[in-house]
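See below for the structure under consideration.
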Amino acid sequence: MQKILISGASVAGPVLAYWLRRHGFEPTVVERAPGPRKTGGHAVDLFRPAMDIVEKMGVLAQIQARETGTEHLTVLRDGAKRPVEVDAKRVMQVLSRRHCEIMRDELAEVLIGASSGEVEYVYGDSIASLRQDEAGVDVTFERGAPRRFDLVVGADGLHSNVRRLVFGDERQFSRPIGAYLAVASIPNYLGLSDRTILVSGVDRIAGVYSARHMDDARALFLFRSARELEYHHRDVARQKQLLTEAFAGLGWEAPRLLAEAQRAQVFYFDTITQLRMDTWTRGRVTLAGDAGYSPGAAVGGSTSLAIVGAYVLAGELAAAGGDHVRGFRNCEETLREYVTSSRSLALTVAKRLIPGSPLGLWLFAQSAWLFNRVPTSWLRALARLSRSSVQMHDAFVLKDYADVGRPAAAAAAVHA
């Protein structure tokens, strides 16, 4: 029973821990935060392969119960008199055969709960150093006592601590796509429950949405900048200043949304960045989710990719009988095309979602208007023909790793 340390308890980490435990490994998850985050966060999408995985985990009903329930999308072009109304559920039915939108932190809570009591979760701590040898990895922590593991997995997000310790400075691998994302938890002063409202201008789009079971709302901001913005990913005051500058003069509710974002206690801001690594494995250490192959937050389906990546990593390790060299290699080979396609999708979505010219802005609004008038069958056909379509998520075929690498007694216990 190999001992495997996982850094990060958001999405990839808990999924990986669940499946490693099912395959007979002994995972431990360390998380810098003092506990599971229960407030804040933004809405994320789960597409068919990720939905299939959470169903295998037995948590599909819990996730669907927390679905945001967004049914309507209102799109306003800055300066235009009339908004365009879009059937949001129809959009997702066209793009994916199986889909769910859920708040990220609620998703993490459900995923952690799936292995609660079976997996060791260590909160309020982080890896300080890693030293590999032929037989294992010696790990020191910022707070806890040193421990030794057979393998270590960095599932700690875009600004991965594990990646920095093992592979070096993040700038070697990060490829900003020129867009920025900000999300703030704000009062639901518009009384939204099943509707997202967006106002779009050249190089920027702002919006607000809530969920049927939430008391508050989320203000969403996407924008481009002609120059790379200078800030630290933990300097919230600077981030809020940059956000205000980027959206100055935008109409509709944008001034109110900016004011609420300035007061928000829960706030996220970062560049939409792709991680491009020739390999996300070095010796007994590997990366999962955004830490190794982020396609770009909000535009590339990174949450679904993280769930799939964690599932495949655990399965390939089990299929290799715990041989990490073979298991890590097979995982990368299995995911490589999916990762590459997700990157391409992210670039296409960012370009279309944040128009860079008045003409592009007008075309964006017209596309929303046209969507309501084209038969669903036609839209599905067009989506299948597009190489950059989000349907590339649905095209990924999951392997069945059931019982692979597990002792007979453990397999029987799971099925019982």
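FYI, nothing fancy with the structure tokens labels: chains A, B, ... in order, residues from 1 per chain, ligands from 1 as they appear.
Residues with any atom within 12 Å of Pro176 (chain A), counting only C-alpha atoms and excluding same-chain neighbours fewer than 3 positions away, are Leu158, Glu170, Arg171, Gln172, Phe173, Ala179, Tyr180, Leu181, Arg224, Ser225, Arg227, Glu228, Leu229, Asp270, Thr271, Ile272, Thr273, Gln274, Leu275, Arg276, Ser294, Pro295, Gly296, Ala297, Arg343, Ala346, Leu347 and Ala350 of chain A.
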- Message: Can you pull out every residue from region 59-115 of chain A that DSSP, working from the backbone, puts in alpha helix (DSSP H), and format the result as a PyMOL selection string?
- Response: chain A and resi 60-65+88-95+104-114
- With distances taken over only C-alpha atoms, which of A:Glu332, A:Glu55, A:Glu85, A:Asp235 is nearest to Gly309 (chain A)? A:Glu332
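The gap separating CA of Gly58 (chain A) from CA of Gly113 (chain A) is 10.7 Å, in Å to one decimal.
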- Item | Test item: residues at most 9 Å from Ile102 (chain A), only C-alpha atoms, excluding those fewer than 5 positions along its chain, as JSON, numbers by chain | {"A": [42, 43, 44, 45, 46, 63, 64, 66, 67, 68, 69, 107, 211]}
Set out as CSV a contact list for region 4-108 of chain A and region 311-329 of chain A with a cut-off of 7 Å, giving each residue of region 4-108 of chain A that qualifies its closest atom pair and distance in Å to one decimal, counting only C-alpha atoms, ordered by chain and rising residue number.
residue,atom,partner,partner_atom,distance
A:Val15,CA,A:Tyr311,CA,6.7
A:Leu16,CA,A:Tyr311,CA,6.0
A:Trp19,CA,A:Ala314,CA,5.8
A:Leu20,CA,A:Ala314,CA,5.2
A:His23,CA,A:Ala318,CA,6.1
- Nearby residues (only C-alpha atoms) at most 9 Å from Ser193 (chain A), same-chain spacing under 5 positions excluded, as a PyMOL selection string: chain A and resi 68-70+188+209-214+217
- Could you please determine the separation between CA of Asn372 (chain A) and CA of Ala206 (chain A) in Å, to one decimal place?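 Computing the Euclidean distance for CA of Asn372 (chain A) and CA of Ala206 (chain A) yields 21.9 Å.
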- Message: List as a list in words the protein and nucleic acid residues near Ala9 (chain A), meaning an atom at most 6 Å away when only C-alpha atoms are counted, but skip any in the same chain fewer than 3 places from it.
- Response: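 Surrounding residues, per the criterion: Gly13, Pro14 and Glu31 of chain A.
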- Pick from A:Gly157, A:Gly207, A:Gly168, A:Gly144 nearest to Thr74 (chain A), counting only C-alpha atoms: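 Distance minimum relative to Thr74 (chain A) lands on A:Gly207.
Counting only C-alpha atoms, the residue from A:Ala254, A:Ala61, A:Ala310, A:Ala402 that sits nearest to Phe221 (chain A) is A:Ala254.
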- Task: List every residue of region 70-144 of chain A that DSSP, applied to the backbone, labels as strand (DSSP E), and write the result as a PyMOL selection string.
- Result: chain A and resi 72-77+84-87+100-103+120-123+127-132+137-141
- Note on the structure: For Arg21 (chain A), the closest of A:Leu222, A:Ile4, A:Leu60, A:Val110 counting only C-alpha atoms is A:Ile4
- Task: Do a neighbour search on Leu398 (chain A) at 9 Å with only C-alpha atoms, toss out local chain neighbours closer than 3 positions, and write the hits as an NGL selection string.
- Result: :A and (49 or 52-53 or 308 or 312)
- Item | Distance in Å - CA of Gly300 (chain A) versus CA of Tyr338 (chain A) | 11.0 Å
